[in-house]
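Undergrad: Data: data.cif, mmCIF, C-alpha atoms.
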```cif
data_entry
loop_
_atom_site.label_atom_id
_atom_site.label_comp_id
_atom_site.auth_asym_id
_atom_site.auth_seq_id
_atom_site.Cartn_x
_atom_site.Cartn_y
_atom_site.Cartn_z
CA MET A 1 28.71 -18.24 17.77
CA ALA A 2 28.13 -14.54 17.13
CA ASP A 3 25.95 -12.33 19.34
CA LEU A 4 22.77 -11.43 17.49
CA TYR A 5 20.73 -8.28 18.22
CA LEU A 6 17.46 -7.01 16.76
CA ALA A 7 16.29 -3.43 16.31
CA LEU A 8 12.72 -2.57 15.33
CA LEU A 9 12.76 0.92 13.84
CA HIS A 10 9.70 3.17 14.04
CA TYR A 11 11.64 5.96 12.28
CA PRO A 12 12.73 6.58 9.54
CA VAL A 13 10.20 4.36 7.74
CA TYR A 14 7.84 4.85 4.83
CA ASN A 15 4.09 5.26 4.99
CA LYS A 16 1.92 3.85 2.19
CA ARG A 17 2.42 6.99 0.08
CA GLY A 18 6.22 6.86 0.29
CA GLY A 19 6.49 9.66 2.85
CA ILE A 20 8.90 9.29 5.77
CA VAL A 21 7.09 8.95 9.09
CA THR A 22 7.39 7.82 12.69
CA THR A 23 5.08 4.87 13.38
CA SER A 24 3.59 3.96 16.76
CA ILE A 25 4.87 1.25 19.07
CA THR A 26 2.30 -1.57 19.31
CA GLY A 27 1.90 -4.10 22.08
CA PHE A 28 1.95 -7.00 19.64
CA ASP A 29 5.29 -5.93 18.18
CA LEU A 30 6.69 -5.96 21.69
CA HIS A 31 5.20 -9.31 22.71
CA ASP A 32 5.60 -11.35 19.55
CA ILE A 33 9.10 -10.24 18.63
CA ALA A 34 10.32 -10.51 22.24
CA ARG A 35 9.08 -14.12 22.32
CA SER A 36 10.78 -14.88 19.02
CA ALA A 37 13.98 -13.25 20.30
CA ALA A 38 13.91 -15.39 23.46
CA THR A 39 13.23 -18.57 21.48
CA PHE A 40 16.17 -18.03 19.15
CA GLY A 41 18.70 -16.75 21.69
CA VAL A 42 18.82 -13.13 20.54
CA LYS A 43 20.93 -11.11 22.98
CA LYS A 44 18.80 -7.97 23.01
CA TYR A 45 15.73 -6.66 21.18
CA TYR A 46 15.81 -2.88 20.72
CA VAL A 47 12.56 -1.00 20.16
CA VAL A 48 13.57 2.30 18.56
CA ASN A 49 11.31 5.34 18.52
CA PRO A 50 12.34 9.02 18.62
CA LEU A 51 9.11 10.20 20.31
CA PRO A 52 9.39 10.38 24.12
CA ALA A 53 5.63 9.77 24.55
CA GLN A 54 5.94 6.56 22.54
CA ARG A 55 8.87 5.36 24.61
CA GLU A 56 6.91 6.10 27.78
CA PHE A 57 3.97 4.09 26.44
CA ALA A 58 6.22 1.08 25.89
CA GLY A 59 7.69 1.59 29.35
CA ARG A 60 4.24 1.41 30.92
CA ILE A 61 3.49 -1.88 29.13
CA PHE A 62 6.69 -3.31 30.57
CA ASP A 63 6.07 -2.06 34.06
CA PHE A 64 2.66 -3.70 34.01
CA TRP A 65 3.89 -7.08 32.83
CA MET A 66 7.00 -7.10 34.98
CA GLU A 67 5.01 -6.74 38.21
CA GLU A 68 4.95 -9.70 40.50
CA THR A 69 1.34 -10.70 39.84
CA SER A 70 2.00 -10.72 36.09
CA LEU A 71 5.13 -12.78 36.59
CA GLU A 72 3.04 -15.34 38.42
CA PHE A 73 0.42 -15.27 35.68
CA ASN A 74 2.78 -15.51 32.74
CA TRP A 75 6.50 -16.07 33.32
CA THR A 76 7.16 -16.76 29.62
CA ARG A 77 6.23 -13.18 28.78
CA VAL A 78 8.47 -11.82 31.54
CA GLU A 79 11.42 -13.88 30.32
CA ALA A 80 10.93 -12.50 26.82
CA PHE A 81 10.50 -8.91 28.04
CA LYS A 82 13.86 -9.03 29.82
CA LEU A 83 15.46 -8.88 26.36
CA VAL A 84 13.76 -5.64 25.37
CA ALA A 85 15.41 -2.21 25.54
CA ILE A 86 13.79 1.01 24.33
CA LYS A 87 15.97 3.55 22.53
CA ALA A 88 15.48 6.87 20.72
CA ASP A 89 17.54 6.18 17.61
CA LEU A 90 19.81 3.74 15.81
CA PRO A 91 23.14 5.43 16.73
CA GLU A 92 22.19 4.96 20.40
CA VAL A 93 21.63 1.23 19.76
CA ILE A 94 24.93 0.82 17.95
CA ALA A 95 26.75 2.74 20.69
CA GLU A 96 25.30 0.49 23.41
CA ILE A 97 26.25 -2.73 21.59
CA THR A 98 29.72 -1.37 20.83
CA ALA A 99 30.25 -0.49 24.49
CA ALA A 100 28.94 -3.89 25.68
CA ASP A 101 30.82 -6.09 23.21
CA GLY A 102 33.93 -3.97 22.66
CA GLN A 103 33.34 -3.76 18.92
CA ARG A 104 30.92 -2.17 16.50
CA PRO A 105 28.27 -4.68 15.32
CA ARG A 106 27.89 -5.59 11.68
CA VAL A 107 24.55 -4.02 10.71
CA ILE A 108 22.20 -6.03 8.48
CA ALA A 109 19.08 -4.45 6.99
CA THR A 110 15.95 -6.33 5.90
CA SER A 111 13.65 -5.42 3.03
CA ALA A 112 10.58 -6.76 1.27
CA LYS A 113 12.16 -5.59 -1.99
CA PRO A 114 14.72 -7.66 -3.92
CA ARG A 115 17.86 -5.80 -2.91
CA GLY A 116 19.58 -8.47 -0.83
CA THR A 117 23.38 -8.56 -0.74
CA VAL A 118 23.85 -11.62 1.49
CA SER A 119 21.86 -14.87 1.47
CA TYR A 120 20.29 -16.34 4.61
CA GLU A 121 22.51 -19.41 4.29
CA THR A 122 25.70 -17.34 4.00
CA LEU A 123 24.80 -15.18 6.97
CA ARG A 124 23.82 -18.28 8.97
CA GLN A 125 27.26 -19.81 8.39
CA GLU A 126 28.92 -16.47 9.17
CA LEU A 127 27.06 -16.21 12.50
CA LYS A 128 28.04 -19.75 13.41
CA ALA A 129 31.73 -19.17 12.67
CA SER A 130 31.98 -15.67 14.16
CA ASP A 131 32.62 -14.29 17.64
CA GLY A 132 31.44 -10.86 16.52
CA SER A 133 28.23 -8.92 17.02
CA TYR A 134 25.44 -8.59 14.46
CA LEU A 135 22.49 -6.23 14.50
CA ILE A 136 19.45 -6.97 12.31
CA LEU A 137 17.30 -3.95 11.42
CA LEU A 138 13.54 -4.40 11.02
CA GLY A 139 11.23 -1.76 9.63
CA THR A 140 7.68 -0.93 10.66
CA GLY A 141 5.12 0.82 8.43
CA TRP A 142 5.89 0.32 4.73
CA GLY A 143 9.53 -0.50 5.39
CA LEU A 144 12.89 1.09 6.25
CA ALA A 145 13.59 4.42 4.56
CA GLU A 146 16.30 4.58 1.92
CA GLU A 147 18.66 6.55 4.17
CA VAL A 148 18.93 3.56 6.53
CA PHE A 149 20.42 1.35 3.81
CA ALA A 150 23.30 3.76 3.24
CA GLY A 151 24.73 2.94 6.67
CA VAL A 152 24.46 -0.86 6.71
CA ASP A 153 26.97 -3.60 5.99
CA ALA A 154 24.55 -5.96 4.20
CA VAL A 155 20.90 -6.49 3.27
CA LEU A 156 18.91 -9.74 3.52
CA PRO A 157 16.60 -10.72 0.62
CA PRO A 158 12.79 -10.63 0.92
CA ILE A 159 10.90 -13.68 2.14
CA ASN A 160 8.96 -15.31 -0.66
CA GLY A 161 6.64 -18.25 -0.87
CA PRO A 162 6.10 -20.43 -3.94
CA ALA A 163 3.99 -17.80 -5.71
CA GLU A 164 6.17 -14.69 -5.32
CA GLY A 165 3.18 -12.54 -6.22
CA TYR A 166 2.43 -11.45 -2.65
CA ASN A 167 4.96 -10.85 0.11
CA HIS A 168 3.23 -8.64 2.61
CA LEU A 169 4.10 -10.38 5.85
CA SER A 170 3.64 -8.55 9.13
CA VAL A 171 6.96 -7.45 10.64
CA ARG A 172 6.26 -9.92 13.46
CA SER A 173 5.95 -12.85 11.05
CA ALA A 174 8.91 -11.74 8.94
CA THR A 175 11.10 -11.46 12.04
CA ALA A 176 10.14 -14.96 13.19
CA ILE A 177 11.07 -16.40 9.79
CA ILE A 178 14.35 -14.44 9.60
CA LEU A 179 15.41 -15.73 13.02
CA ASP A 180 14.46 -19.29 12.12
CA ARG A 181 16.42 -19.11 8.87
CA LEU A 182 19.49 -17.72 10.64
CA LEU A 183 19.36 -19.64 13.93
CA GLY A 184 16.64 -22.34 13.79
CA LYS A 185 17.45 -26.00 14.22
CA MET B 186 2.03 -29.58 -5.46
CA ALA B 187 -0.47 -30.37 -2.71
CA ASP B 188 -3.17 -27.96 -1.58
CA LEU B 189 -2.33 -26.65 1.88
CA TYR B 190 -4.95 -25.38 4.34
CA LEU B 191 -4.61 -23.86 7.82
CA ALA B 192 -7.04 -24.06 10.73
CA LEU B 193 -6.60 -21.94 13.87
CA LEU B 194 -8.53 -23.64 16.67
CA HIS B 195 -9.99 -21.64 19.55
CA TYR B 196 -11.47 -24.84 21.01
CA PRO B 197 -10.55 -27.35 22.37
CA VAL B 198 -7.36 -25.77 23.70
CA TYR B 199 -5.69 -25.58 27.11
CA ASN B 200 -5.54 -22.60 29.39
CA LYS B 201 -2.46 -22.07 31.55
CA ARG B 202 -3.81 -24.37 34.26
CA GLY B 203 -4.41 -27.28 31.88
CA GLY B 204 -8.19 -26.77 31.70
CA ILE B 205 -9.95 -27.01 28.35
CA VAL B 206 -11.32 -23.67 27.21
CA THR B 207 -12.56 -21.66 24.23
CA THR B 208 -10.25 -18.72 23.54
CA SER B 209 -11.25 -15.45 21.88
CA ILE B 210 -10.61 -14.54 18.26
CA THR B 211 -8.10 -11.68 18.07
CA GLY B 212 -7.64 -9.21 15.25
CA PHE B 213 -3.91 -9.89 15.09
CA ASP B 214 -4.42 -13.62 14.62
CA LEU B 215 -6.67 -12.80 11.67
CA HIS B 216 -4.35 -10.23 10.09
CA ASP B 217 -0.94 -11.78 10.63
CA ILE B 218 -1.83 -15.35 9.77
CA ALA B 219 -3.90 -14.30 6.73
CA ARG B 220 -0.87 -12.38 5.42
CA SER B 221 1.40 -15.37 6.00
CA ALA B 222 -1.15 -17.62 4.28
CA ALA B 223 -1.26 -15.31 1.24
CA THR B 224 2.54 -15.07 1.08
CA PHE B 225 3.00 -18.85 1.08
CA GLY B 226 0.12 -19.79 -1.22
CA VAL B 227 -2.13 -21.40 1.40
CA LYS B 228 -5.50 -22.25 -0.18
CA LYS B 229 -7.69 -21.29 2.76
CA TYR B 230 -7.19 -20.16 6.35
CA TYR B 231 -9.96 -21.39 8.66
CA VAL B 232 -10.64 -19.56 11.91
CA VAL B 233 -12.50 -22.04 14.10
CA ASN B 234 -14.57 -21.00 17.10
CA PRO B 235 -17.73 -22.67 18.48
CA LEU B 236 -19.15 -19.44 19.97
CA PRO B 237 -21.55 -17.62 17.61
CA ALA B 238 -20.74 -14.23 19.20
CA GLN B 239 -17.05 -14.79 18.48
CA ARG B 240 -17.73 -15.70 14.87
CA GLU B 241 -19.88 -12.59 14.49
CA PHE B 242 -17.05 -10.48 15.91
CA ALA B 243 -14.66 -11.85 13.28
CA GLY B 244 -17.29 -11.26 10.62
CA ARG B 245 -17.54 -7.60 11.59
CA ILE B 246 -13.76 -7.17 11.29
CA PHE B 247 -13.94 -8.59 7.76
CA ASP B 248 -16.88 -6.49 6.71
CA PHE B 249 -15.04 -3.39 7.82
CA TRP B 250 -11.83 -4.19 5.97
CA MET B 251 -13.53 -5.48 2.84
CA GLU B 252 -15.42 -2.22 2.24
CA GLU B 253 -14.39 -0.18 -0.74
CA THR B 254 -12.64 2.59 1.22
CA SER B 255 -10.55 0.01 3.08
CA LEU B 256 -9.66 -1.71 -0.17
CA GLU B 257 -8.35 1.57 -1.45
CA PHE B 258 -6.44 2.15 1.76
CA ASN B 259 -4.88 -1.29 2.02
CA TRP B 260 -5.32 -3.82 -0.78
CA THR B 261 -2.72 -6.20 0.68
CA ARG B 262 -4.96 -6.80 3.69
CA VAL B 263 -7.98 -7.42 1.48
CA GLU B 264 -6.05 -9.94 -0.64
CA ALA B 265 -5.06 -11.79 2.52
CA PHE B 266 -8.57 -11.68 4.02
CA LYS B 267 -10.03 -13.36 0.93
CA LEU B 268 -8.36 -16.55 2.17
CA VAL B 269 -10.14 -16.52 5.53
CA ALA B 270 -13.23 -18.59 6.36
CA ILE B 271 -14.86 -18.74 9.79
CA LYS B 272 -16.17 -22.10 11.02
CA ALA B 273 -17.70 -23.51 14.19
CA ASP B 274 -15.65 -26.71 14.51
CA LEU B 275 -13.01 -28.90 12.93
CA PRO B 276 -15.40 -31.48 11.36
CA GLU B 277 -17.02 -28.60 9.46
CA VAL B 278 -13.58 -27.57 8.13
CA ILE B 279 -12.70 -31.11 7.06
CA ALA B 280 -16.11 -31.54 5.40
CA GLU B 281 -15.66 -28.35 3.38
CA ILE B 282 -12.19 -29.31 2.16
CA THR B 283 -13.36 -32.84 1.35
CA ALA B 284 -16.27 -31.46 -0.68
CA ALA B 285 -14.05 -28.94 -2.51
CA ASP B 286 -11.14 -31.26 -3.31
CA GLY B 287 -12.99 -34.56 -3.62
CA GLN B 288 -10.88 -36.19 -0.91
CA ARG B 289 -10.38 -35.97 2.83
CA PRO B 290 -7.30 -33.89 3.70
CA ARG B 291 -4.39 -35.33 5.62
CA VAL B 292 -4.58 -33.59 9.00
CA ILE B 293 -1.32 -32.44 10.60
CA ALA B 294 -1.23 -31.13 14.17
CA THR B 295 1.38 -28.78 15.61
CA SER B 296 2.67 -28.75 19.17
CA ALA B 297 5.23 -26.91 21.27
CA LYS B 298 5.95 -30.25 22.97
CA PRO B 299 8.35 -32.86 21.52
CA ARG B 300 5.78 -35.26 20.10
CA GLY B 301 6.45 -34.85 16.37
CA THR B 302 5.88 -37.82 14.08
CA VAL B 303 6.95 -36.23 10.78
CA SER B 304 9.88 -33.86 10.15
CA TYR B 305 9.47 -30.52 8.37
CA GLU B 306 11.77 -31.71 5.59
CA THR B 307 9.80 -34.94 5.05
CA LEU B 308 6.47 -33.11 4.97
CA ARG B 309 7.95 -30.46 2.65
CA GLN B 310 8.97 -33.17 0.16
CA GLU B 311 5.59 -34.88 0.55
CA LEU B 312 3.73 -31.64 -0.23
CA LYS B 313 5.88 -31.05 -3.30
CA ALA B 314 5.27 -34.57 -4.66
CA SER B 315 1.57 -34.81 -3.79
CA ASP B 316 -1.65 -33.74 -5.50
CA GLY B 317 -3.57 -34.26 -2.27
CA SER B 318 -4.90 -31.87 0.37
CA TYR B 319 -3.25 -31.13 3.71
CA LEU B 320 -4.70 -29.33 6.70
CA ILE B 321 -2.37 -27.90 9.36
CA LEU B 322 -3.93 -27.41 12.81
CA LEU B 323 -2.75 -24.51 14.97
CA GLY B 324 -3.71 -24.07 18.62
CA THR B 325 -4.43 -20.85 20.50
CA GLY B 326 -4.16 -20.47 24.29
CA TRP B 327 -1.69 -22.96 25.81
CA GLY B 328 -2.01 -25.32 22.84
CA LEU B 329 -4.27 -27.94 21.25
CA ALA B 330 -6.06 -30.25 23.69
CA GLU B 331 -5.06 -33.90 23.79
CA GLU B 332 -8.31 -35.06 22.15
CA VAL B 333 -7.33 -33.23 18.95
CA PHE B 334 -4.22 -35.38 18.50
CA ALA B 335 -6.25 -38.60 18.48
CA GLY B 336 -7.82 -37.64 15.15
CA VAL B 337 -4.75 -36.46 13.21
CA ASP B 338 -2.55 -38.20 10.67
CA ALA B 339 0.75 -36.69 11.85
CA VAL B 340 2.28 -34.15 14.23
CA LEU B 341 5.02 -31.62 13.46
CA PRO B 342 7.85 -31.13 15.99
CA PRO B 343 8.20 -27.94 18.07
CA ILE B 344 10.22 -25.00 16.76
CA ASN B 345 13.45 -24.61 18.66
CA GLY B 346 16.28 -22.15 18.52
CA PRO B 347 19.88 -22.89 19.47
CA ALA B 348 19.16 -22.83 23.21
CA GLU B 349 16.09 -25.10 23.42
CA GLY B 350 15.35 -23.70 26.89
CA TYR B 351 12.53 -21.43 25.76
CA ASN B 352 10.06 -22.07 22.96
CA HIS B 353 7.10 -19.85 23.68
CA LEU B 354 6.47 -18.35 20.29
CA SER B 355 3.18 -16.62 19.58
CA VAL B 356 0.91 -18.72 17.36
CA ARG B 357 1.36 -16.00 14.70
CA SER B 358 5.15 -16.36 14.73
CA ALA B 359 5.02 -20.16 14.89
CA THR B 360 2.67 -20.28 11.91
CA ALA B 361 4.95 -18.03 9.86
CA ILE B 362 7.93 -20.29 10.57
CA ILE B 363 5.97 -23.48 9.86
CA LEU B 364 4.84 -22.15 6.46
CA ASP B 365 8.36 -21.01 5.61
CA ARG B 366 9.79 -24.41 6.53
CA LEU B 367 7.19 -26.22 4.44
CA LEU B 368 6.82 -23.85 1.48
CA GLY B 369 9.48 -21.09 1.65
CA LYS B 370 12.02 -20.62 -1.11
#
```
Is it possible to give me this structure as structure tokens?
TA:
Amino acid sequence: MADLYLALLHYPVYNKRGGIVTTSITGFDLHDIARSAATFGVKKYYVVNPLPAQREFAGRIFDFWMEETSLEFNWTRVEAFKLVAIKADLPEVIAEITAADGQRPRVIATSAKPRGTVSYETLRQELKASDGSYLILLGTGWGLAEEVFAGVDAVLPPINGPAEGYNHLSVRSATAIILDRLLGK
Amino acid sequence: MADLYLALLHYPVYNKRGGIVTTSITGFDLHDIARSAATFGVKKYYVVNPLPAQREFAGRIFDFWMEETSLEFNWTRVEAFKLVAIKADLPEVIAEITAADGQRPRVIATSAKPRGTVSYETLRQELKASDGSYLILLGTGWGLAEEVFAGVDAVLPPINGPAEGYNHLSVRSATAIILDRLLGK
């Protein structure tokens, strides 16, 4: 089984007008995606934001929930939060995984647009058969900026329901579905 | 294809100590689950809370986002919110579906405990072959109270990853996965 990592990028991502922006870290992105990561055996969940004030904000949320009284109140959150690491940019994430696992991870982007290059089923089989490391990139805002796709090894297709007319899932919901498709029982 | 409905119950659900409580409506439960509902073609998403002040709170969130300036800012949220209806209790939900569709829906509970009576694959096939109505019940807090299970037609199994040691998904993430398993492409 491969080692799977997640990275939630707050930069470079699009805003609704197609401009490239840095989005804010939200508590729900931390909580929900950390819980999904813990449920599906993700090795580490990287929250990536270039703004020091944003990284400090996330740090304060962690400090609060990792205190002893919080642990007593809600151990499931603490277990999930142990998987989270906060980084300034994607190269830093890739460098940490490379150092930990002794090899550069294969980097897989996600997109709500139909630009997939590998199916969920193919990647699922690949993960099962591999001893390598894989890093899934998730975008906030209106999605990962074009420049991110230039540096990735593959792209997963969008998640569609029966209608196909509307696929505006929250990044939290999309991540849960992606993990279930790749690793769910 | 069957008509699928969702109901998010804020009562009767457990708190962490096993007491039966009414939980609060949260903005993220409205937003994320409405978007998942829209993506997967759910016919209506019922937010169920017996407290009038809570239902008014949810109503104010809707009014704000359904205004013209919000529509211009974010039409995908408005499309999703059109699916939401706020009700006081489960009988009211079942009565509305029965009146709309001319038949009582089959009611399917969800649980993070291993008490499933129908597999995702079986229910998926059933939905595809049926012209009937189905209502999926989702619990907030620490899950649906025991009394809810007495009145349902079936229960879906918990969502597990490869490890099975931890399955504490947020209700938003669990709902996204359940819809994908039942209706995803």
Undergrad: Skip Ala297 of chain B itself and residues of its chain fewer than 2 positions away, then list as number ranges by chain all residues within 9 Å of it, counting only C-alpha atoms.
TA: B: 295, 299-300, 328, 342-345, 352-354
Undergrad: Please, could you write that set of residues out with C-alpha atoms as a PDB file, keeping the file's coordinate frame?
TA:
```pdb
ATOM      1  CA  THR B 295       1.380 -28.780  15.610  1.00  0.00           C
ATOM      2  CA  PRO B 299       8.350 -32.860  21.520  1.00  0.00           C
ATOM      3  CA  ARG B 300       5.780 -35.260  20.100  1.00  0.00           C
ATOM      4  CA  GLY B 328      -2.010 -25.320  22.840  1.00  0.00           C
ATOM      5  CA  PRO B 342       7.850 -31.130  15.990  1.00  0.00           C
ATOM      6  CA  PRO B 343       8.200 -27.940  18.070  1.00  0.00           C
ATOM      7  CA  ILE B 344      10.220 -25.000  16.760  1.00  0.00           C
ATOM      8  CA  ASN B 345      13.450 -24.610  18.660  1.00  0.00           C
ATOM      9  CA  ASN B 352      10.060 -22.070  22.960  1.00  0.00           C
ATOM     10  CA  HIS B 353       7.100 -19.850  23.680  1.00  0.00           C
ATOM     11  CA  LEU B 354       6.470 -18.350  20.290  1.00  0.00           C
TER      12      LEU B 354
END
```
Undergrad: Restrict the distance test to all atoms listed in the file, flag each residue of chain B within 6 Å of chain A, and return the flagged residues as a list in words.
TA: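 Written out as asked, the residues are Asp217, Arg220, Ser221, Thr224, Phe225, Gly346, Tyr351, Asn352, Leu354, Ser355, Ser358, Ala361, Ile362, Gly369 and Lys370 of chain B.
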Undergrad: Restricting the output to C-alpha atoms, write the selected residues as a PDB file, in the frame of the given file.
TA:
```
ATOM      1  CA  ASP B 217      -0.940 -11.780  10.630  1.00  0.00           C
ATOM      2  CA  ARG B 220      -0.870 -12.380   5.420  1.00  0.00           C
ATOM      3  CA  SER B 221       1.400 -15.370   6.000  1.00  0.00           C
ATOM      4  CA  THR B 224       2.540 -15.070   1.080  1.00  0.00           C
ATOM      5  CA  PHE B 225       3.000 -18.850   1.080  1.00  0.00           C
ATOM      6  CA  GLY B 346      16.280 -22.150  18.520  1.00  0.00           C
ATOM      7  CA  TYR B 351      12.530 -21.430  25.760  1.00  0.00           C
ATOM      8  CA  ASN B 352      10.060 -22.070  22.960  1.00  0.00           C
ATOM      9  CA  LEU B 354       6.470 -18.350  20.290  1.00  0.00           C
ATOM     10  CA  SER B 355       3.180 -16.620  19.580  1.00  0.00           C
ATOM     11  CA  SER B 358       5.150 -16.360  14.730  1.00  0.00           C
ATOM     12  CA  ALA B 361       4.950 -18.030   9.860  1.00  0.00           C
ATOM     13  CA  ILE B 362       7.930 -20.290  10.570  1.00  0.00           C
ATOM     14  CA  GLY B 369       9.480 -21.090   1.650  1.00  0.00           C
ATOM     15  CA  LYS B 370      12.020 -20.620  -1.110  1.00  0.00           C
TER      16      LYS B 370
END
```
Undergrad: Take the PyMOL selection byres ((chain B and resi 232-239) around 8), apply it to the structure above, and return the hits as a list in words.
TA: Ala192, Leu193, Leu194, His195, Tyr196, Thr207, Ser209, Ile210, Leu215, Tyr230, Tyr231, Arg240, Glu241, Phe242, Ala243, Val269, Ala270, Ile271, Lys272, Ala273, Asp274 and Leu275 of chain B
Undergrad: Please check which residues have atoms at most 7 Å from (22.7, -13.0, 21.6) in the file's coordinates, counting all atoms listed in the file, and write them as a short mmCIF file (atom, residue, chain, number, x, y, z; two decimals) with C-alpha atoms, in the coordinates of the input.
TA:
```cif
data_model
loop_
_atom_site.label_atom_id
_atom_site.label_comp_id
_atom_site.auth_asym_id
_atom_site.auth_seq_id
_atom_site.Cartn_x
_atom_site.Cartn_y
_atom_site.Cartn_z
CA ASP A 3 25.95 -12.33 19.34
CA LEU A 4 22.77 -11.43 17.49
CA TYR A 5 20.73 -8.28 18.22
CA GLY A 41 18.70 -16.75 21.69
CA VAL A 42 18.82 -13.13 20.54
CA LYS A 43 20.93 -11.11 22.98
CA LYS A 44 18.80 -7.97 23.01
#
```
Undergrad: What is the distance, in Å and to one decimal place, between atom CA of Leu322 of chain B and atom CA of Val292 of chain B?
TA: 7.3 Å
Undergrad: Counting all atoms listed in the file, I want the residues whose atoms come within 8 Å of (-3.6, -22.9, 26.9) in the file frame, returned as an NGL selection string.
TA: :B and (198-206 or 325-329)
Undergrad: I'd like the interatomic distance between atom CA of Ala339 of chain B and atom CA of Glu121 of chain A, to a tenth of an Å.
TA: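 A separation of 28.8 Å between them.
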Undergrad: Can you work out the spacing between atom CA of Thr26 of chain A and atom CA of Tyr134 of chain A in Å, to one decimal?
TA: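 Spanning atom CA of Thr26 of chain A to atom CA of Tyr134 of chain A is a straight-line distance of 24.7 Å.
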Undergrad: Given the file shown, determine the residues that the PyMOL selection byres ((chain A and resi 2) around 9) selects; report them as a list in words.
TA: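 In the shown coordinates, the PyMOL selection byres ((chain A and resi 2) around 9) covers Met1, Asp3, Leu4, Glu126, Leu127, Lys128, Ala129, Ser130, Asp131, Gly132, Ser133 and Tyr134 of chain A.
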Undergrad: Identify which of the residues A:Leu135, A:Ala150, A:Val155, A:Ala109 lies closest to Ile97 of chain A, counting all atoms listed in the file when measuring atom-to-atom distances.
TA: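 Among the listed residues, the smallest separation from Ile97 of chain A belongs to A:Leu135.
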Undergrad: When you count all atoms listed in the file, which of these residues is closest to Trp250 of chain B: B:Pro197, B:Pro276, B:Gly212, B:Gly287?
TA: B:Gly212
Undergrad: Of the residues B:Thr208, B:Ile246, B:Ile321, B:Ala280, which is the one nearest to Leu191 of chain B, using all atoms listed in the file?
TA: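 Distance minimum relative to Leu191 of chain B lands on B:Ile321.
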